[in-house]
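Here is start29.cif, consisting of mmCIF, C-alpha atoms and all ligand atoms:
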```cif
data_model
loop_
_atom_site.label_atom_id
_atom_site.label_comp_id
_atom_site.auth_asym_id
_atom_site.auth_seq_id
_atom_site.Cartn_x
_atom_site.Cartn_y
_atom_site.Cartn_z
CA MET A 1 -5.16 3.32 27.72
CA THR A 2 -5.43 1.27 24.54
CA ALA A 3 -4.47 -2.27 23.58
CA TYR A 4 -2.12 -0.90 20.94
CA SER A 5 1.47 0.12 21.57
CA GLY A 6 4.95 0.13 20.07
CA PRO A 7 6.95 2.33 17.72
CA VAL A 8 4.95 1.59 14.56
CA PHE A 9 1.62 2.31 16.23
CA ASP A 10 3.06 5.52 17.73
CA MET A 11 4.12 6.50 14.23
CA ALA A 12 0.59 6.02 12.82
CA VAL A 13 -0.77 8.17 15.68
CA LYS A 14 1.79 10.94 15.11
CA GLN A 15 1.12 10.99 11.36
CA PHE A 16 -2.61 11.18 12.00
CA ASP A 17 -2.18 14.04 14.49
CA VAL A 18 -0.29 16.08 11.86
CA ILE A 19 -3.15 15.58 9.39
CA ALA A 20 -5.88 16.18 11.98
CA ASP A 21 -4.21 19.49 12.90
CA TYR A 22 -3.91 20.48 9.24
CA LEU A 23 -7.61 19.62 8.66
CA SER A 24 -8.62 21.27 11.97
CA ILE A 25 -10.47 18.13 13.06
CA PRO A 26 -11.94 18.77 16.52
CA ASP A 27 -10.48 16.73 19.36
CA ASP A 28 -13.68 14.82 20.01
CA ALA A 29 -13.80 13.59 16.39
CA ARG A 30 -10.25 12.26 16.33
CA ALA A 31 -10.50 9.01 18.29
CA ARG A 32 -13.51 7.92 16.24
CA LEU A 33 -11.41 8.22 13.09
CA LEU A 34 -8.16 6.83 14.40
CA MET A 35 -8.88 3.96 16.80
CA PRO A 36 -9.41 0.53 15.22
CA LYS A 37 -12.96 -0.77 15.34
CA ARG A 38 -12.04 -4.37 16.17
CA ALA A 39 -9.02 -6.52 16.87
CA VAL A 40 -8.58 -10.22 17.49
CA ALA A 41 -5.60 -12.15 18.82
CA VAL A 42 -5.42 -15.91 18.34
CA SER A 43 -3.06 -18.71 19.32
CA CYS A 44 -2.31 -21.04 16.44
CA PRO A 45 -0.98 -24.46 17.45
CA ILE A 46 0.61 -26.76 14.86
CA HIS A 47 2.42 -30.10 14.87
CA ARG A 48 6.08 -29.58 14.00
CA ASP A 49 7.79 -32.12 11.76
CA ASP A 50 9.80 -33.38 14.77
CA GLY A 51 6.59 -34.40 16.56
CA THR A 52 6.48 -31.47 19.01
CA THR A 53 3.70 -28.87 19.16
CA ALA A 54 4.42 -25.19 18.58
CA VAL A 55 2.07 -22.26 19.18
CA PHE A 56 2.23 -19.02 17.19
CA GLN A 57 0.48 -15.75 17.97
CA GLY A 58 -1.75 -14.35 15.23
CA TYR A 59 -3.65 -11.06 14.93
CA ARG A 60 -6.16 -9.29 12.74
CA VAL A 61 -7.17 -5.66 13.11
CA GLN A 62 -10.15 -4.07 11.30
CA HIS A 63 -9.78 -0.32 11.36
CA HIS A 64 -13.18 0.94 10.17
CA LEU A 65 -16.26 -0.57 8.56
CA THR A 66 -17.86 2.65 7.38
CA LEU A 67 -17.33 2.27 3.63
CA GLY A 68 -17.68 -1.48 3.15
CA PRO A 69 -15.68 -4.55 4.14
CA THR A 70 -12.20 -4.09 5.50
CA LYS A 71 -9.28 -5.01 3.29
CA GLY A 72 -5.63 -5.71 3.86
CA GLY A 73 -2.73 -8.11 3.82
CA THR A 74 -1.47 -10.81 6.15
CA ARG A 75 2.11 -10.60 7.34
CA PHE A 76 4.24 -13.52 8.50
CA ALA A 77 7.26 -11.96 10.25
CA THR A 78 9.01 -11.87 13.61
CA SER A 79 8.21 -8.15 13.97
CA VAL A 80 4.46 -8.83 14.11
CA ASP A 81 2.58 -7.67 17.19
CA LEU A 82 -0.80 -6.04 17.78
CA GLY A 83 0.58 -2.50 17.57
CA GLU A 84 2.33 -3.04 14.24
CA ILE A 85 -0.74 -4.73 12.73
CA ALA A 86 -3.02 -1.93 14.00
CA ALA A 87 -0.78 0.74 12.43
CA LEU A 88 -0.73 -1.12 9.12
CA ALA A 89 -4.55 -1.45 9.26
CA ILE A 90 -4.90 2.31 9.81
CA TRP A 91 -2.62 3.02 6.83
CA MET A 92 -4.73 0.66 4.68
CA SER A 93 -7.78 2.83 5.48
CA TRP A 94 -6.16 6.06 4.28
CA LYS A 95 -4.80 4.19 1.24
CA CYS A 96 -8.13 2.66 0.19
CA ALA A 97 -9.93 5.98 0.67
CA LEU A 98 -7.26 7.90 -1.29
CA VAL A 99 -7.64 5.64 -4.34
CA GLY A 100 -11.41 5.49 -3.98
CA LEU A 101 -12.01 1.85 -3.02
CA PRO A 102 -15.17 0.89 -1.10
CA TYR A 103 -13.19 -0.55 1.80
CA GLY A 104 -11.94 0.20 5.27
CA GLY A 105 -8.43 -0.87 6.21
CA ALA A 106 -7.40 -4.10 7.89
CA LYS A 107 -4.21 -6.03 8.46
CA GLY A 108 -3.31 -9.35 10.01
CA GLY A 109 -0.30 -11.42 10.72
CA ILE A 110 1.49 -14.11 12.62
CA ASN A 111 4.62 -13.66 14.66
CA VAL A 112 6.78 -16.25 12.91
CA GLU A 113 9.90 -16.54 10.78
CA PRO A 114 8.31 -18.28 7.77
CA LEU A 115 11.69 -19.51 6.49
CA SER A 116 12.09 -21.56 9.69
CA LEU A 117 9.07 -23.72 8.77
CA SER A 118 8.91 -26.64 6.37
CA ARG A 119 6.30 -26.39 3.61
CA ARG A 120 4.03 -28.75 5.52
CA GLU A 121 4.38 -26.68 8.71
CA LEU A 122 3.72 -23.46 6.77
CA GLU A 123 0.56 -24.96 5.29
CA ALA A 124 -0.61 -26.16 8.71
CA LEU A 125 0.00 -22.72 10.25
CA SER A 126 -1.71 -20.87 7.38
CA ARG A 127 -4.75 -23.11 7.55
CA ARG A 128 -4.97 -22.93 11.34
CA TYR A 129 -4.73 -19.12 11.24
CA MET A 130 -7.58 -18.88 8.73
CA GLN A 131 -9.62 -21.38 10.69
CA GLU A 132 -9.22 -19.26 13.85
CA MET A 133 -10.28 -16.17 11.85
CA ILE A 134 -13.49 -17.64 10.40
CA PRO A 135 -15.83 -15.95 12.92
CA PHE A 136 -14.14 -12.62 12.23
CA VAL A 137 -13.76 -12.41 8.42
CA GLY A 138 -15.98 -12.82 5.35
CA PRO A 139 -16.22 -11.61 1.74
CA HIS A 140 -18.46 -8.74 2.92
CA THR A 141 -16.76 -8.19 6.29
CA ASP A 142 -13.00 -8.46 5.90
CA VAL A 143 -11.01 -9.64 2.89
CA MET A 144 -7.40 -10.78 3.36
CA ALA A 145 -4.45 -10.54 0.93
CA PRO A 146 -0.68 -11.15 0.89
CA ASP A 147 1.88 -8.97 2.64
CA MET A 148 5.47 -9.53 3.83
CA GLY A 149 6.29 -13.22 4.26
CA THR A 150 3.13 -14.50 2.56
CA ASN A 151 2.41 -15.37 -1.08
CA GLU A 152 -0.11 -16.74 -3.56
CA GLN A 153 0.16 -20.29 -2.24
CA ILE A 154 -0.70 -19.15 1.28
CA MET A 155 -3.71 -17.23 -0.09
CA ALA A 156 -4.83 -20.44 -1.85
CA TRP A 157 -4.61 -22.33 1.49
CA PHE A 158 -6.60 -19.55 3.20
CA MET A 159 -9.29 -19.71 0.51
CA ASP A 160 -9.43 -23.50 0.60
CA THR A 161 -9.69 -23.61 4.41
CA TYR A 162 -12.48 -21.01 4.51
CA SER A 163 -14.31 -22.77 1.65
CA MET A 164 -14.10 -26.21 3.28
CA TYR A 165 -15.82 -24.80 6.37
CA GLN A 166 -18.53 -23.10 4.27
CA GLY A 167 -19.18 -26.21 2.22
CA GLN A 168 -18.71 -24.27 -1.01
CA THR A 169 -15.90 -22.47 -2.85
CA VAL A 170 -15.70 -18.85 -1.71
CA THR A 171 -12.89 -17.36 -3.81
CA GLU A 172 -13.84 -13.80 -2.79
CA ILE A 173 -12.70 -14.34 0.82
CA VAL A 174 -9.10 -13.47 -0.07
CA THR A 175 -7.22 -11.74 -2.90
CA GLY A 176 -3.73 -12.30 -4.26
CA LYS A 177 -4.60 -15.93 -5.03
CA PRO A 178 -3.00 -17.88 -7.87
CA VAL A 179 -4.88 -17.42 -11.16
CA SER A 180 -5.60 -21.17 -11.04
CA ALA A 181 -7.62 -20.67 -7.84
CA GLY A 182 -9.72 -17.63 -8.72
CA GLY A 183 -6.97 -15.01 -8.71
CA THR A 184 -6.73 -12.23 -11.26
CA LEU A 185 -4.13 -11.71 -13.93
CA GLY A 186 -1.81 -8.85 -12.98
CA ARG A 187 -2.19 -9.05 -9.18
CA ARG A 188 1.28 -10.45 -8.53
CA GLU A 189 2.88 -7.62 -10.52
CA ALA A 190 0.37 -4.94 -9.47
CA THR A 191 2.24 -3.25 -6.61
CA GLY A 192 5.63 -3.08 -8.36
CA ARG A 193 4.04 -1.98 -11.64
CA GLY A 194 2.16 0.73 -9.77
CA VAL A 195 5.37 1.97 -8.13
CA ALA A 196 7.10 2.22 -11.52
CA HIS A 197 4.07 3.89 -13.12
CA LEU A 198 4.00 6.56 -10.42
CA VAL A 199 7.76 7.08 -10.78
CA ARG A 200 7.09 7.77 -14.48
CA ARG A 201 4.40 10.27 -13.48
CA ALA A 202 6.73 11.97 -10.99
CA ALA A 203 9.51 12.14 -13.59
CA ASP A 204 7.09 13.81 -16.06
CA GLU A 205 6.12 16.28 -13.36
CA LEU A 206 9.80 17.13 -12.85
CA ASN A 207 10.59 17.15 -16.59
CA ILE A 208 13.08 14.31 -16.13
CA ARG A 209 13.60 11.79 -18.94
CA LEU A 210 13.56 8.49 -17.08
CA SER A 211 15.70 6.55 -19.53
CA GLY A 212 19.34 6.71 -18.43
CA THR A 213 18.57 7.77 -14.86
CA THR A 214 19.64 5.65 -11.88
CA ALA A 215 17.64 3.85 -9.20
CA VAL A 216 18.31 2.16 -5.86
CA VAL A 217 15.82 -0.41 -4.56
CA GLN A 218 15.79 -1.61 -0.96
CA GLY A 219 13.97 -4.94 -0.62
CA PHE A 220 13.79 -7.56 -3.36
CA GLY A 221 10.52 -9.28 -2.51
CA ASN A 222 7.38 -9.08 -4.63
CA VAL A 223 7.26 -5.28 -4.57
CA GLY A 224 10.96 -4.39 -4.87
CA SER A 225 11.82 -6.95 -7.56
CA ILE A 226 8.92 -6.06 -9.88
CA ALA A 227 9.46 -2.31 -9.36
CA ALA A 228 13.15 -2.81 -10.22
CA LEU A 229 12.25 -4.84 -13.32
CA GLU A 230 9.74 -2.27 -14.55
CA LEU A 231 12.23 0.56 -14.03
CA HIS A 232 14.92 -1.49 -15.78
CA ASN A 233 12.49 -2.05 -18.71
CA ASN A 234 12.01 1.73 -18.84
CA GLY A 235 15.75 2.21 -19.40
CA VAL A 236 16.56 3.09 -15.79
CA LYS A 237 19.92 1.81 -14.51
CA VAL A 238 19.18 0.01 -11.23
CA ILE A 239 22.57 0.49 -9.58
CA ALA A 240 21.88 -1.10 -6.17
CA VAL A 241 19.43 -3.54 -4.60
CA SER A 242 19.31 -5.22 -1.22
CA ASP A 243 17.42 -7.79 0.79
CA HIS A 244 17.79 -9.29 4.28
CA THR A 245 20.88 -11.23 3.13
CA GLY A 246 22.90 -8.35 1.70
CA ALA A 247 23.24 -5.67 -0.96
CA LEU A 248 24.57 -5.51 -4.51
CA TYR A 249 26.01 -2.34 -6.02
CA ARG A 250 27.04 -1.91 -9.68
CA PRO A 251 27.50 1.72 -10.74
CA GLY A 252 26.97 0.60 -14.36
CA GLY A 253 23.57 -0.98 -13.55
CA LEU A 254 22.54 -4.46 -12.40
CA ASN A 255 21.09 -7.16 -14.65
CA ILE A 256 17.65 -7.22 -13.01
CA PRO A 257 16.09 -10.07 -15.06
CA LYS A 258 19.08 -12.27 -14.13
CA LEU A 259 18.79 -11.29 -10.48
CA ILE A 260 15.09 -12.18 -10.47
CA GLU A 261 15.96 -15.62 -11.92
CA HIS A 262 18.57 -16.06 -9.19
CA VAL A 263 16.10 -15.18 -6.43
CA ALA A 264 13.47 -17.52 -7.91
CA VAL A 265 15.94 -20.41 -7.50
CA ARG A 266 17.83 -19.42 -4.33
CA GLY A 267 15.13 -17.53 -2.41
CA SER A 268 17.32 -14.46 -1.83
CA LEU A 269 20.10 -12.33 -3.32
CA GLU A 270 22.70 -14.38 -1.44
CA GLY A 271 25.23 -16.14 -3.65
CA TYR A 272 24.61 -13.96 -6.74
CA SER A 273 28.10 -12.63 -6.61
CA ASN A 274 31.08 -13.07 -4.33
CA GLU A 275 32.27 -9.53 -4.78
CA VAL A 276 32.18 -7.54 -1.56
CA ASP A 277 29.19 -5.26 -1.56
CA LEU A 278 27.57 -2.69 0.67
CA ASP A 279 25.72 -3.44 3.85
CA PRO A 280 21.97 -3.42 3.16
CA ALA A 281 21.29 -0.27 5.21
CA GLY A 282 24.00 1.67 3.35
CA ILE A 283 22.27 1.65 -0.02
CA LEU A 284 19.60 4.17 0.96
CA SER A 285 22.07 7.04 1.06
CA LEU A 286 23.65 6.32 -2.35
CA PRO A 287 23.30 9.13 -4.87
CA CYS A 288 20.59 8.19 -7.38
CA ASP A 289 17.63 9.66 -9.23
CA VAL A 290 15.00 7.25 -7.89
CA LEU A 291 15.09 5.69 -4.43
CA VAL A 292 12.61 2.90 -3.69
CA PRO A 293 12.44 1.66 -0.10
CA ALA A 294 10.41 -1.54 -0.55
CA ALA A 295 11.21 -3.45 2.62
CA VAL A 296 10.03 -2.65 6.15
CA GLU A 297 8.80 0.28 8.25
CA ARG A 298 10.90 3.09 9.71
CA VAL A 299 14.08 2.67 7.65
CA ILE A 300 14.36 6.40 6.88
CA ASP A 301 14.87 8.27 10.14
CA ALA A 302 15.68 11.93 10.68
CA LYS A 303 19.43 11.40 10.34
CA LEU A 304 19.12 9.53 7.07
CA ALA A 305 16.51 11.97 5.71
CA SER A 306 19.01 14.79 5.80
CA THR A 307 21.59 12.75 3.88
CA LEU A 308 19.34 11.27 1.15
CA ARG A 309 20.69 12.01 -2.31
CA CYS A 310 17.76 11.07 -4.56
CA ARG A 311 15.45 13.16 -6.72
CA ILE A 312 12.35 10.96 -6.41
CA LEU A 313 11.55 8.99 -3.25
CA ALA A 314 9.04 6.26 -4.14
CA GLU A 315 7.80 4.51 -1.00
CA GLY A 316 7.07 0.91 -2.04
CA ALA A 317 6.96 -0.26 1.59
CA ASN A 318 4.33 0.76 4.13
CA GLY A 319 5.61 3.36 6.58
CA PRO A 320 9.30 3.46 5.58
CA THR A 321 9.72 7.07 6.75
CA THR A 322 9.39 8.20 10.37
CA PRO A 323 7.45 11.37 11.29
CA GLU A 324 10.75 12.97 12.39
CA ALA A 325 12.23 12.23 8.95
CA ASP A 326 9.08 13.70 7.38
CA GLN A 327 9.79 17.04 9.01
CA ILE A 328 13.14 17.09 7.23
CA LEU A 329 11.80 15.85 3.91
CA GLU A 330 9.08 18.45 4.06
CA LYS A 331 11.77 21.14 4.17
CA ARG A 332 13.65 19.41 1.34
CA ARG A 333 10.58 19.08 -0.86
CA ASP A 334 12.02 21.18 -3.68
CA GLU A 335 14.98 18.78 -3.86
CA ILE A 336 13.20 15.45 -3.26
CA PHE A 337 9.82 14.59 -4.79
CA LEU A 338 8.01 12.20 -2.43
CA ILE A 339 5.54 9.62 -3.69
CA PRO A 340 4.01 8.72 -0.30
CA ASP A 341 3.45 5.05 0.59
CA ILE A 342 -0.35 5.15 0.60
CA LEU A 343 -0.25 6.30 -3.01
CA CYS A 344 2.98 4.65 -4.18
CA ASN A 345 2.17 1.05 -3.20
CA SER A 346 -1.59 1.26 -3.67
CA GLY A 347 -1.52 -0.61 -7.01
CA GLY A 348 -1.57 -3.84 -4.97
CA VAL A 349 -4.83 -3.19 -3.19
CA VAL A 350 -6.34 -1.60 -6.31
CA VAL A 351 -5.85 -4.86 -8.23
CA SER A 352 -6.97 -6.81 -5.14
CA TYR A 353 -10.22 -4.88 -5.44
CA PHE A 354 -10.44 -5.89 -9.11
CA GLU A 355 -9.85 -9.52 -8.07
CA TRP A 356 -12.65 -9.33 -5.49
CA VAL A 357 -15.02 -7.78 -8.04
CA GLN A 358 -14.17 -10.46 -10.63
CA ASP A 359 -14.65 -13.23 -8.06
CA LEU A 360 -18.02 -11.83 -6.96
CA GLN A 361 -19.17 -11.55 -10.58
CA ARG A 362 -17.55 -14.82 -11.76
CA PHE A 363 -16.37 -12.80 -14.76
CA PHE A 364 -12.65 -12.45 -15.47
CA TRP A 365 -10.75 -9.73 -17.31
CA GLU A 366 -7.77 -9.75 -19.66
CA GLU A 367 -4.45 -8.61 -18.16
CA GLU A 368 -4.45 -5.48 -20.38
CA GLU A 369 -7.81 -4.51 -18.88
CA VAL A 370 -6.49 -5.00 -15.34
CA MET A 371 -3.42 -2.86 -16.05
CA ARG A 372 -5.33 -0.14 -17.87
CA ARG A 373 -7.77 0.23 -15.01
CA GLU A 374 -4.99 0.07 -12.40
CA TYR A 375 -3.10 2.93 -14.06
CA GLN A 376 -6.33 4.89 -14.47
CA VAL A 377 -6.98 4.72 -10.70
CA LEU A 378 -3.36 5.59 -9.88
CA ASP A 379 -3.33 8.53 -12.32
CA ARG A 380 -6.47 9.97 -10.79
CA ALA A 381 -5.07 9.69 -7.26
CA PHE A 382 -1.69 11.10 -8.32
CA GLU A 383 -3.38 14.11 -9.91
CA GLN A 384 -5.56 14.70 -6.87
CA VAL A 385 -2.53 14.60 -4.58
CA GLN A 386 -0.63 17.01 -6.82
CA ALA A 387 -3.58 19.39 -7.02
CA ARG A 388 -3.99 19.37 -3.25
CA SER A 389 -0.31 19.85 -2.52
CA ARG A 390 -0.22 22.82 -4.94
CA LYS A 391 -3.44 24.38 -3.71
CA ASP A 392 -2.51 24.28 -0.03
CA ASN A 393 1.26 24.38 -0.57
CA VAL A 394 1.74 21.20 1.50
CA PHE A 395 4.03 18.20 1.46
CA ASN A 396 2.85 15.28 -0.74
CA ARG A 397 2.34 13.03 2.30
CA THR A 398 0.12 15.63 3.93
CA ALA A 399 -1.91 16.02 0.74
CA ALA A 400 -2.34 12.25 0.24
CA MET A 401 -3.22 11.48 3.84
CA ALA A 402 -5.56 14.45 4.07
CA ILE A 403 -7.56 13.21 1.07
CA GLY A 404 -7.83 9.73 2.64
CA VAL A 405 -8.70 10.97 6.14
CA GLU A 406 -11.25 13.48 4.79
CA ARG A 407 -13.05 10.79 2.81
CA VAL A 408 -13.34 8.47 5.82
CA ARG A 409 -14.44 11.37 7.98
CA GLY A 410 -16.99 12.48 5.39
CA ALA A 411 -18.48 8.98 5.20
CA LYS A 412 -18.72 8.75 8.99
CA GLU A 413 -20.42 12.14 9.17
CA THR A 414 -22.97 11.37 6.48
CA ARG A 415 -23.83 8.01 8.00
CA GLY A 416 -24.06 9.51 11.49
CA LEU A 417 -23.43 7.89 14.84
CA PHE A 418 -25.48 4.80 15.67
CA PRO A 419 -27.72 4.58 17.70
N1 LIG A 501 -0.52 -5.93 1.73
C1 LIG A 501 -0.74 -5.01 0.66
C2 LIG A 501 -0.73 -3.59 1.16
O1 LIG A 501 -0.13 -3.29 2.15
C3 LIG A 501 -1.95 -5.37 -0.17
C4 LIG A 501 -3.26 -5.38 0.52
C5 LIG A 501 -4.39 -5.93 -0.32
O2 LIG A 501 -4.17 -6.23 -1.49
O3 LIG A 501 -5.49 -6.05 0.21
O4 LIG A 501 -1.27 -2.69 0.54
#
```

Would you mind giving the structure from this file in structure tokens?
Amino acid sequence: MTAYSGPVFDMAVKQFDVIADYLSIPDDARARLLMPKRAVAVSCPIHRDDGTTAVFQGYRVQHHLTLGPTKGGTRFATSVDLGEIAALAIWMSWKCALVGLPYGGAKGGINVEPLSLSRRELEALSRRYMQEMIPFVGPHTDVMAPDMGTNEQIMAWFMDTYSMYQGQTVTEIVTGKPVSAGGTLGRREATGRGVAHLVRRAADELNIRLSGTTAVVQGFGNVGSIAALELHNNGVKVIAVSDHTGALYRPGGLNIPKLIEHVAVRGSLEGYSNEVDLDPAGILSLPCDVLVPAAVERVIDAKLASTLRCRILAEGANGPTTPEADQILEKRRDEIFLIPDILCNSGGVVVSYFEWVQDLQRFFWEEEEVMRREYQVLDRAFEQVQARSRKDNVFNRTAAMAIGVERVRGAKETRGLFP
């Protein structure tokens, strides 16, 4: 019996089991690696604008503390429950270890539809959540960041709330802050830029000239929109994008800068065009060179995996592909080059690490420096994954996860079991 359940948690367990089998990890070493170290659930009451009180459920899961503080985003979404947050925390651990960051994984969130709150209500909820988390987090214990449904402003409220309780400004408690409040240049763009950079690396690997190829991007939030823009700037025709309000499809290529302007004003893709377009789920099976799922978990299931018509699958989201779909993609690996989520979207946490380092040192870098170092970390991880997948003749996800799991396991073994 564990406190964690649900389809996303089951998925993290299944993925881990595949890797543990491949690495021949003995049964008695598995739970120590997989089960989260700590979890907290909190009730967050706020005054609504209409004078009533509403209570929202919040969570934070810290997966392992073996390599340093835990690190991970905070999600505001109606899907949030303890199982989903635990799975996302586990994935953060493999991701941080794969790219060589001195962190364990964490994730947190509130079960709420953020668009249903006024700005004042959102601020009250964000501050109350951080206040409830104070005994549990710290710059050397657990460092938060943005995820789905949260943004720089919310990170600034988190930092301010924590700092007010400490009696001094503690910028290093959270990353993804606005630059005006101790954030780093290049964090907002980091995840999307990283996705596009790794797509370039994959294209080189496959001897594809990226310019003139086509891409489909599911999700037009911080990750999807910046990835689409970067691909567009590399001469890729982004033929379809979608968000929770709908999908747009232009075989000749969409005007991504104009779409980003539209979303900045309207909050979503809705209203950009009154032409009838595809349903958002339909875009994943469009023929294209580069497919970027950058929305939620489990959108590529076994059925869809066998119909995908892309050459490069760049997982901007966390956990977009189910283990059943993986079995199919593994067989199709000569047709579809997978850039697995823990590598593909790791640019975000890599630059979060740079933000934390800059905050701790009170010494800030130029944006070029941030980008150069981000790409350096991603290149190293990409090459390690490629080398591993070639050496052992395994699927890219297996190679990436194995490197992450092995590093966590190695650290646990060297440190030993206390007491
Ligand atoms: N939420 C992001 C992720 O899933 C970023 C985490 C971070 O920057 O700490 O990787």

task: Please identify all polymer residues within 7 Å of range 123-140 of chain A, counting only C-alpha atoms, omitting same-chain residues fewer than 4 positions from it, and present them as a list in words.
output: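 Close residues of range 123-140 of chain A: Val42, Cys44, Ile46, Gly58, Pro69, Arg119, Ile154, Trp157, Phe158, Thr161, Tyr162, Glu172 and Ile173 of chain A.
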
Output the selection as a PDB file, in the frame of the given file - C-alpha atoms for each residue.
```pdb
ATOM      1  CA  VAL A  42      -5.420 -15.910  18.340  1.00  0.00           C
ATOM      2  CA  CYS A  44      -2.310 -21.040  16.440  1.00  0.00           C
ATOM      3  CA  ILE A  46       0.610 -26.760  14.860  1.00  0.00           C
ATOM      4  CA  GLY A  58      -1.750 -14.350  15.230  1.00  0.00           C
ATOM      5  CA  PRO A  69     -15.680  -4.550   4.140  1.00  0.00           C
ATOM      6  CA  ARG A 119       6.300 -26.390   3.610  1.00  0.00           C
ATOM      7  CA  ILE A 154      -0.700 -19.150   1.280  1.00  0.00           C
ATOM      8  CA  TRP A 157      -4.610 -22.330   1.490  1.00  0.00           C
ATOM      9  CA  PHE A 158      -6.600 -19.550   3.200  1.00  0.00           C
ATOM     10  CA  THR A 161      -9.690 -23.610   4.410  1.00  0.00           C
ATOM     11  CA  TYR A 162     -12.480 -21.010   4.510  1.00  0.00           C
ATOM     12  CA  GLU A 172     -13.840 -13.800  -2.790  1.00  0.00           C
ATOM     13  CA  ILE A 173     -12.700 -14.340   0.820  1.00  0.00           C
TER      14      ILE A 173
END
```

Near range 78-102 of chain A, 8 Å: range 303-348 of chain A residue rows, closest pairs, all atoms listed in the file, as a tab-separated table:
```
residue	atom	partner	partner_atom	distance
A:Asn318	CA	A:Leu88	CA	7.4
A:Ile342	CA	A:Lys95	CA	4.6
A:Leu343	CA	A:Lys95	CA	6.6
A:Ser346	CA	A:Lys95	CA	6.6
```

Could you build a table of the residues in chain A lying no more than 9 Å from ligand LIG 501 (chain A), giving for each the nearest pair of atoms and their separation in Å rounded to one decimal place, using only C-alpha atoms and all ligand atoms, ordered by chain and ascending residue number, as CSV?
```
residue,atom,partner,partner_atom,distance
A:Thr70,CA,A:LIG501,O3,8.8
A:Lys71,CA,A:LIG501,O3,5.0
A:Gly72,CA,A:LIG501,O3,3.7
A:Gly73,CA,A:LIG501,N1,3.7
A:Thr74,CA,A:LIG501,N1,6.7
A:Arg75,CA,A:LIG501,N1,7.8
A:Leu88,CA,A:LIG501,O1,7.3
A:Ala89,CA,A:LIG501,O1,8.6
A:Trp91,CA,A:LIG501,O1,8.2
A:Met92,CA,A:LIG501,O4,6.4
A:Lys95,CA,A:LIG501,O4,7.8
A:Cys96,CA,A:LIG501,O4,8.7
A:Gly105,CA,A:LIG501,O3,8.5
A:Ala106,CA,A:LIG501,O3,8.2
A:Lys107,CA,A:LIG501,N1,7.7
A:Val143,CA,A:LIG501,O3,7.1
A:Met144,CA,A:LIG501,O3,6.0
A:Ala145,CA,A:LIG501,O3,4.7
A:Pro146,CA,A:LIG501,N1,5.3
A:Asp147,CA,A:LIG501,N1,4.0
A:Met148,CA,A:LIG501,N1,7.3
A:Val174,CA,A:LIG501,O3,8.3
A:Thr175,CA,A:LIG501,O2,6.5
A:Gly176,CA,A:LIG501,O2,6.7
A:Arg187,CA,A:LIG501,O2,8.4
A:Thr191,CA,A:LIG501,C3,8.0
A:Ala317,CA,A:LIG501,O1,7.7
A:Asn318,CA,A:LIG501,O1,6.3
A:Ile342,CA,A:LIG501,O4,7.9
A:Asn345,CA,A:LIG501,O4,6.3
A:Ser346,CA,A:LIG501,O4,5.8
A:Gly347,CA,A:LIG501,O4,7.8
A:Gly348,CA,A:LIG501,O2,5.0
A:Val349,CA,A:LIG501,O2,3.5
A:Val350,CA,A:LIG501,O2,7.0
A:Val351,CA,A:LIG501,O2,7.1
A:Ser352,CA,A:LIG501,O2,4.6
A:Tyr353,CA,A:LIG501,O2,7.4
```

Saved selection, atoms kept: C-alpha atoms, as an mmCIF file, keeping the file's coordinate frame:
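Dumped everything to out_13.cif:
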```cif
data_model
loop_
_atom_site.group_PDB
_atom_site.id
_atom_site.type_symbol
_atom_site.label_atom_id
_atom_site.label_comp_id
_atom_site.auth_asym_id
_atom_site.auth_seq_id
_atom_site.Cartn_x
_atom_site.Cartn_y
_atom_site.Cartn_z
ATOM 1 C CA THR A 70 -12.200 -4.090 5.500
ATOM 2 C CA LYS A 71 -9.280 -5.010 3.290
ATOM 3 C CA GLY A 72 -5.630 -5.710 3.860
ATOM 4 C CA GLY A 73 -2.730 -8.110 3.820
ATOM 5 C CA THR A 74 -1.470 -10.810 6.150
ATOM 6 C CA ARG A 75 2.110 -10.600 7.340
ATOM 7 C CA LEU A 88 -0.730 -1.120 9.120
ATOM 8 C CA ALA A 89 -4.550 -1.450 9.260
ATOM 9 C CA TRP A 91 -2.620 3.020 6.830
ATOM 10 C CA MET A 92 -4.730 0.660 4.680
ATOM 11 C CA LYS A 95 -4.800 4.190 1.240
ATOM 12 C CA CYS A 96 -8.130 2.660 0.190
ATOM 13 C CA GLY A 105 -8.430 -0.870 6.210
ATOM 14 C CA ALA A 106 -7.400 -4.100 7.890
ATOM 15 C CA LYS A 107 -4.210 -6.030 8.460
ATOM 16 C CA VAL A 143 -11.010 -9.640 2.890
ATOM 17 C CA MET A 144 -7.400 -10.780 3.360
ATOM 18 C CA ALA A 145 -4.450 -10.540 0.930
ATOM 19 C CA PRO A 146 -0.680 -11.150 0.890
ATOM 20 C CA ASP A 147 1.880 -8.970 2.640
ATOM 21 C CA MET A 148 5.470 -9.530 3.830
ATOM 22 C CA VAL A 174 -9.100 -13.470 -0.070
ATOM 23 C CA THR A 175 -7.220 -11.740 -2.900
ATOM 24 C CA GLY A 176 -3.730 -12.300 -4.260
ATOM 25 C CA ARG A 187 -2.190 -9.050 -9.180
ATOM 26 C CA THR A 191 2.240 -3.250 -6.610
ATOM 27 C CA ALA A 317 6.960 -0.260 1.590
ATOM 28 C CA ASN A 318 4.330 0.760 4.130
ATOM 29 C CA ILE A 342 -0.350 5.150 0.600
ATOM 30 C CA ASN A 345 2.170 1.050 -3.200
ATOM 31 C CA SER A 346 -1.590 1.260 -3.670
ATOM 32 C CA GLY A 347 -1.520 -0.610 -7.010
ATOM 33 C CA GLY A 348 -1.570 -3.840 -4.970
ATOM 34 C CA VAL A 349 -4.830 -3.190 -3.190
ATOM 35 C CA VAL A 350 -6.340 -1.600 -6.310
ATOM 36 C CA VAL A 351 -5.850 -4.860 -8.230
ATOM 37 C CA SER A 352 -6.970 -6.810 -5.140
ATOM 38 C CA TYR A 353 -10.220 -4.880 -5.440
#
```
